[in-house]
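**Q** Enclosed is the structure file start_25.txt (compact mmCIF, C-alpha atoms and all ligand atoms).
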# COMPACT_ATOMS: atom_id res chain seq x y z
CA MET X 1004 10.30 18.59 2.73
CA SER X 1005 9.76 20.93 -0.16
CA LEU X 1006 6.45 22.34 -1.24
CA ARG X 1007 6.87 20.73 -4.63
CA ILE X 1008 7.02 17.28 -3.06
CA ARG X 1009 4.03 17.96 -0.85
CA ASP X 1010 2.03 19.28 -3.81
CA GLU X 1011 2.99 16.32 -5.93
CA ILE X 1012 1.84 13.71 -3.43
CA ARG X 1013 -1.41 15.62 -2.84
CA LYS X 1014 -2.05 15.80 -6.56
CA SER X 1015 -1.07 12.26 -7.57
CA GLY X 1016 -1.19 10.21 -4.38
CA TYR X 1017 2.42 9.18 -4.84
CA LEU X 1018 5.85 10.57 -5.57
CA PHE X 1019 8.71 8.92 -7.43
CA CYS X 1020 12.27 10.27 -7.27
CA GLY X 1021 15.08 8.57 -9.19
CA SER X 1022 18.42 8.07 -7.39
CA TYR X 1023 17.31 10.14 -4.42
CA ARG X 1024 19.83 11.14 -1.71
CA SER X 1025 22.10 8.18 -2.34
CA ASN X 1026 24.28 8.95 0.70
CA ASP X 1027 21.38 8.86 3.14
CA SER X 1028 19.74 5.83 4.75
CA ILE X 1029 16.04 5.19 4.24
CA VAL X 1030 15.47 6.26 7.86
CA GLU X 1031 17.15 9.61 7.19
CA ILE X 1032 15.02 10.05 4.08
CA ALA X 1033 11.85 9.10 5.96
CA GLU X 1034 12.73 11.62 8.68
CA HIS X 1035 13.33 14.23 6.00
CA PHE X 1036 9.82 13.63 4.65
CA GLY X 1037 7.94 13.22 7.90
CA LYS X 1038 7.46 11.09 10.97
CA PRO X 1039 8.44 7.43 10.62
CA LEU X 1040 6.48 4.87 12.58
CA VAL X 1041 7.48 1.51 13.98
CA PRO X 1042 4.61 -0.86 13.10
CA TRP X 1043 5.92 -3.75 15.18
CA GLU X 1044 9.00 -4.45 17.27
CA ASP X 1045 12.18 -4.07 15.20
CA GLY X 1046 9.99 -3.16 12.22
CA LEU X 1047 11.11 0.40 11.46
CA VAL X 1048 12.91 -0.70 8.29
CA GLN X 1049 11.48 -3.72 6.50
CA THR X 1050 13.37 -5.46 3.73
CA LEU X 1051 11.12 -6.87 1.01
CA VAL X 1052 12.40 -9.72 -1.13
CA PRO X 1053 10.53 -12.20 -3.32
CA ARG X 1054 9.80 -15.45 -1.53
CA THR X 1055 8.47 -18.71 -2.81
CA GLU X 1056 7.94 -20.02 0.70
CA ALA X 1057 6.59 -17.90 3.51
CA ALA X 1058 4.00 -17.94 6.28
CA PRO X 1059 0.64 -19.15 4.87
CA ASN X 1060 -1.09 -15.99 6.12
CA SER X 1061 1.21 -13.68 4.14
CA TYR X 1062 1.12 -12.42 0.56
CA SER X 1063 4.29 -14.31 -0.28
CA GLY X 1064 2.89 -17.46 1.29
CA ILE X 1065 -0.24 -17.22 -0.88
CA TYR X 1066 1.06 -15.70 -4.12
CA GLY X 1067 4.78 -16.57 -4.07
CA LEU X 1068 6.42 -14.89 -7.06
CA GLY X 1069 3.08 -14.11 -8.72
CA HIS X 1070 1.27 -10.80 -9.04
CA PHE X 1071 0.03 -9.59 -5.64
CA PRO X 1072 -3.57 -8.32 -5.51
CA PHE X 1073 -4.20 -4.59 -5.06
CA HIS X 1074 -4.34 -3.51 -1.45
CA SER X 1075 -3.50 -0.79 1.01
CA ASP X 1076 -0.96 -1.75 3.65
CA LEU X 1077 -2.14 -2.91 7.07
CA ALA X 1078 -5.74 -2.35 5.99
CA HIS X 1079 -6.95 -4.45 8.92
CA TRP X 1080 -5.50 -1.95 11.40
CA ARG X 1081 -7.88 0.58 12.89
CA THR X 1082 -5.48 3.32 11.72
CA PRO X 1083 -3.33 2.07 8.86
CA PRO X 1084 -0.03 3.92 8.29
CA ARG X 1085 -0.65 7.10 6.31
CA TYR X 1086 2.34 6.76 3.97
CA LEU X 1087 4.77 4.13 2.89
CA LEU X 1088 8.22 4.87 1.61
CA LEU X 1089 9.83 2.30 -0.67
CA ARG X 1090 13.48 2.46 -1.63
CA CYS X 1091 15.29 0.34 -4.16
CA ILE X 1092 18.33 -1.68 -3.19
CA THR X 1093 18.19 -4.07 -6.15
CA GLY X 1094 15.49 -3.40 -8.71
CA TYR X 1095 14.29 -4.13 -12.20
CA ALA X 1096 12.34 -2.02 -14.66
CA ASP X 1097 10.18 -5.03 -15.51
CA VAL X 1098 9.07 -5.60 -11.91
CA PRO X 1099 7.06 -2.41 -11.39
CA THR X 1100 4.98 -1.38 -8.41
CA LEU X 1101 1.41 -0.96 -9.66
CA MET X 1102 -0.98 1.63 -8.27
CA ILE X 1103 -4.67 2.46 -8.58
CA ASP X 1104 -6.09 5.72 -7.28
CA GLY X 1105 -8.64 5.33 -4.49
CA HIS X 1106 -10.31 8.55 -5.66
CA ASP X 1107 -11.25 6.75 -8.87
CA LEU X 1108 -12.53 3.85 -6.77
CA ILE X 1109 -14.78 6.25 -4.86
CA ASP X 1110 -16.02 7.77 -8.14
CA ALA X 1111 -16.84 4.33 -9.46
CA VAL X 1112 -18.34 2.55 -6.46
CA THR X 1113 -19.58 5.70 -4.65
CA LEU X 1114 -18.67 7.12 -1.28
CA ASP X 1115 -22.13 6.18 -0.04
CA ILE X 1116 -21.56 2.46 -0.55
CA LEU X 1117 -17.90 2.42 0.47
CA SER X 1118 -18.46 4.37 3.67
CA ARG X 1119 -21.30 2.06 4.69
CA ALA X 1120 -19.42 -1.12 3.71
CA ILE X 1121 -18.42 -2.82 6.95
CA PHE X 1122 -15.57 -5.30 6.87
CA LYS X 1123 -13.66 -7.27 9.45
CA PRO X 1124 -10.21 -8.81 9.55
CA ARG X 1125 -10.24 -12.34 8.18
CA ARG X 1126 -8.47 -13.47 11.34
CA PRO X 1127 -9.29 -11.90 14.69
CA ARG X 1128 -6.46 -9.94 16.30
CA ASP X 1129 -5.85 -10.67 19.95
CA GLY X 1130 -9.12 -12.57 20.14
CA SER X 1131 -11.28 -9.57 19.26
CA VAL X 1132 -12.83 -8.56 15.99
CA SER X 1133 -12.93 -4.92 15.04
CA LEU X 1134 -15.35 -3.71 12.42
CA ILE X 1135 -14.02 -1.23 9.90
CA ARG X 1136 -15.35 0.63 6.89
CA LEU X 1137 -13.73 0.73 3.46
CA CYS X 1138 -13.98 4.53 3.40
CA GLU X 1139 -13.91 6.89 6.34
CA PRO X 1140 -14.14 10.67 6.04
CA MET X 1141 -11.26 12.15 8.04
CA ASP X 1142 -10.43 15.82 8.74
CA ASP X 1143 -9.39 16.81 5.24
CA VAL X 1144 -9.33 13.53 3.30
CA VAL X 1145 -11.36 10.39 2.87
CA ARG X 1146 -9.41 7.38 4.08
CA VAL X 1147 -9.64 4.38 1.77
CA ARG X 1148 -8.65 0.86 2.66
CA TRP X 1149 -8.80 -2.39 0.75
CA ASP X 1150 -7.39 -5.85 1.13
CA GLU X 1151 -9.13 -8.83 -0.39
CA VAL X 1152 -6.91 -11.28 1.52
CA PHE X 1153 -6.96 -9.91 5.05
CA LEU X 1154 -10.39 -8.24 5.11
CA LYS X 1155 -13.77 -9.77 4.51
CA PRO X 1156 -17.24 -8.27 4.37
CA ALA X 1157 -19.21 -8.19 7.61
CA SER X 1158 -22.47 -6.64 6.44
CA ARG X 1159 -24.90 -6.81 3.52
CA ILE X 1160 -23.52 -3.61 2.02
CA GLY X 1161 -20.04 -4.91 2.70
CA GLU X 1162 -20.82 -7.86 0.45
CA VAL X 1163 -22.16 -5.59 -2.28
CA ALA X 1164 -19.05 -3.40 -2.04
CA ASP X 1165 -16.78 -6.46 -2.06
CA VAL X 1166 -18.18 -7.59 -5.42
CA ARG X 1167 -18.16 -4.11 -6.93
CA VAL X 1168 -14.63 -3.26 -5.85
CA ARG X 1169 -13.25 -6.55 -7.18
CA GLU X 1170 -15.10 -6.12 -10.48
CA TRP X 1171 -13.94 -2.54 -10.86
CA LEU X 1172 -10.31 -3.37 -10.02
CA SER X 1173 -10.29 -6.09 -12.66
CA THR X 1174 -11.14 -3.52 -15.35
CA ARG X 1175 -8.49 -0.95 -14.43
CA THR X 1176 -5.16 -0.28 -16.06
CA PRO X 1177 -2.89 0.61 -13.16
CA THR X 1178 -0.12 3.19 -13.02
CA ALA X 1179 3.20 1.35 -13.13
CA VAL X 1180 6.27 2.80 -11.41
CA SER X 1181 9.51 0.87 -11.36
CA LEU X 1182 12.03 1.01 -8.58
CA ALA X 1183 14.68 0.03 -11.09
CA LYS X 1184 17.90 1.63 -9.89
CA PRO X 1185 19.50 1.71 -6.44
CA HIS X 1186 18.22 4.66 -4.36
CA ASP X 1187 15.10 5.16 -6.46
CA ILE X 1188 12.29 5.96 -4.03
CA LEU X 1189 8.52 5.82 -4.13
CA LEU X 1190 6.41 7.55 -1.49
CA ILE X 1191 2.78 6.40 -1.50
CA ASP X 1192 -0.25 7.86 0.26
CA ASN X 1193 -1.55 4.66 1.87
CA TRP X 1194 -4.91 6.23 2.74
CA ARG X 1195 -5.56 6.90 -0.93
CA MET X 1196 -3.67 4.60 -3.28
CA LEU X 1197 -4.05 0.87 -3.68
CA HIS X 1198 -0.81 -0.80 -4.71
CA ALA X 1199 0.46 -4.18 -5.80
CA ARG X 1200 3.75 -5.81 -6.57
CA SER X 1201 3.83 -7.16 -10.10
CA GLN X 1202 4.93 -10.67 -10.94
CA ILE X 1203 8.59 -11.55 -10.29
CA LEU X 1204 9.90 -12.73 -13.66
CA PRO X 1205 12.52 -15.47 -13.90
CA GLY X 1206 15.94 -14.00 -13.16
CA ARG X 1207 14.48 -11.20 -11.02
CA GLU X 1208 14.48 -13.09 -7.73
CA SER X 1209 17.21 -10.85 -6.30
CA ARG X 1210 14.87 -7.84 -6.19
CA MET X 1211 15.25 -6.11 -2.83
CA ILE X 1212 13.25 -3.11 -1.61
CA GLU X 1213 13.31 -1.35 1.74
CA ARG X 1214 10.13 -0.02 3.31
CA VAL X 1215 9.43 2.47 6.09
CA TYR X 1216 5.96 3.63 7.17
CA LEU X 1217 5.25 7.24 8.01
CA GLU X 1218 2.39 8.55 10.13
CA GLU X 1219 2.57 12.04 8.67
CA LEU X 1220 4.57 14.37 6.45
CA HIS X 1221 6.29 17.49 7.77
FE FE D 1301 1.81 -3.53 0.24
Would you put the structure from the file into structure tokens?
**A**
Amino acid sequence: MSLRIRDEIRKSGYLFCGSYRSNDSIVEIAEHFGKPLVPWEDGLVQTLVPRTEAAPNSYSGIYGLGHFPFHSDLAHWRTPPRYLLLRCITGYADVPTLMIDGHDLIDAVTLDILSRAIFKPRRPRDGSVSLIRLCEPMDDVVRVRWDEVFLKPASRIGEVADVRVREWLSTRTPTAVSLAKPHDILLIDNWRMLHARSQILPGRESRMIERVYLEELH
């Protein structure tokens, strides 16, 4: 991957490229950028389509075609995937992916509160409950996670942070990036950016996006 791309994602937390490498598969593009990861069996490439009916414990099951809340992906995992790569198969300019910078969240709510805010998955995984913090200082970055559906506060400061994060998010104007044309791609730093799918407008039900997670960039 080029230095320009690496610089761009470090600076902005995401990278959009229009009509990128149209002859390559998303797996080839993911391998070009870094190291793809398989989050669950047969899950290397996930195809995202709007659904009105889905499992009750999923975003589609709860929100259907409506605006999804801001979140980072797999926030209830001990180590969420570092990056997600989205690629347009069928897209629309008026169904953008919305993003909010976790650095701004830290500025607003403070690293002190976020790194002491203990949360737990809303549903235990494999019978055990793991406690996690909204912010964790890593080697060279601070890892941010947020998911108001799948995480819930598990401490007093967690409850304070929960209220503050929700309030702050409701005041923000997000960055909107549309995967509008086939082969448009969006690479997102999932340890930094919160993202959300916007509402699926009538006539836009055929939207189709591919997703691959990456554990690191080259
Ligand atoms: Fe997501």
**Q** Which polymer residues have any atom within 10 Å of an atom of segment 1158-1166 of chain X, counting only C-alpha atoms, with same-chain residues fewer than 2 positions away left out, as an mmCIF file with C-alpha atoms, keeping the file's coordinate frame?
**A**
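The file below, around_38.cif, is the result:
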data_model
loop_
_atom_site.group_PDB
_atom_site.id
_atom_site.type_symbol
_atom_site.label_atom_id
_atom_site.label_comp_id
_atom_site.auth_asym_id
_atom_site.auth_seq_id
_atom_site.Cartn_x
_atom_site.Cartn_y
_atom_site.Cartn_z
ATOM 1 C CA VAL X 1112 -18.340 2.550 -6.460
ATOM 2 C CA THR X 1113 -19.580 5.700 -4.650
ATOM 3 C CA ILE X 1116 -21.560 2.460 -0.550
ATOM 4 C CA LEU X 1117 -17.900 2.420 0.470
ATOM 5 C CA SER X 1118 -18.460 4.370 3.670
ATOM 6 C CA ARG X 1119 -21.300 2.060 4.690
ATOM 7 C CA ALA X 1120 -19.420 -1.120 3.710
ATOM 8 C CA ILE X 1121 -18.420 -2.820 6.950
ATOM 9 C CA PHE X 1122 -15.570 -5.300 6.870
ATOM 10 C CA LYS X 1123 -13.660 -7.270 9.450
ATOM 11 C CA LEU X 1134 -15.350 -3.710 12.420
ATOM 12 C CA ARG X 1136 -15.350 0.630 6.890
ATOM 13 C CA LEU X 1137 -13.730 0.730 3.460
ATOM 14 C CA TRP X 1149 -8.800 -2.390 0.750
ATOM 15 C CA ASP X 1150 -7.390 -5.850 1.130
ATOM 16 C CA GLU X 1151 -9.130 -8.830 -0.390
ATOM 17 C CA LEU X 1154 -10.390 -8.240 5.110
ATOM 18 C CA LYS X 1155 -13.770 -9.770 4.510
ATOM 19 C CA PRO X 1156 -17.240 -8.270 4.370
ATOM 20 C CA VAL X 1168 -14.630 -3.260 -5.850
ATOM 21 C CA ARG X 1169 -13.250 -6.550 -7.180
ATOM 22 C CA GLU X 1170 -15.100 -6.120 -10.480
ATOM 23 C CA TRP X 1171 -13.940 -2.540 -10.860
#
**Q** Please compute the atom CA of Pro1099 of chain X-atom CA of Glu1213 of chain X distance, one decimal, in Å.
**A**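 Taking atom CA of Pro1099 of chain X and atom CA of Glu1213 of chain X, their separation equals 14.6 Å.
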**Q** Counting all atoms listed in the file, what residues are within 7 Å of ligand FE 1301 (chain D), given as a PyMOL selection string?
**A** chain X and resi 1074-1076+1198-1199
**Q** Of the residues X:Val1041, X:Leu1077, X:Ile1103, X:Ala1183, which is the one nearest to Arg1207 of chain X, using all atoms listed in the file?
**A**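 Among X:Val1041, X:Leu1077, X:Ile1103, X:Ala1183, it is X:Ala1183 that comes nearest to Arg1207 of chain X.
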**Q** Rank nothing, just name the residue among X:Phe1073, X:Tyr1095, X:Trp1080, X:Phe1019 nearest to Val1152 of chain X, using only C-alpha atoms.
**A**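 For Val1152 of chain X, the nearest of the candidates is X:Phe1073.
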**Q** One decimal, Å: what's the distance from atom CA of Arg1081 of chain X over to atom CA of Ala1157 of chain X, could you say?
**A** 15.3 Å
**Q** For Asp1104 of chain X, which of X:Asp1045, X:Glu1219, X:Asp1192, X:Asp1010 is the closest residue, counting all atoms listed in the file?
**A** X:Asp1192
**Q** Would you please work out which residue, of X:Ser1209, X:Ser1015, X:Thr1055, X:Ser1005, is nearest to Phe1036 of chain X when using all atoms listed in the file?
**A**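 Among X:Ser1209, X:Ser1015, X:Thr1055, X:Ser1005, it is X:Ser1005 that comes nearest to Phe1036 of chain X.
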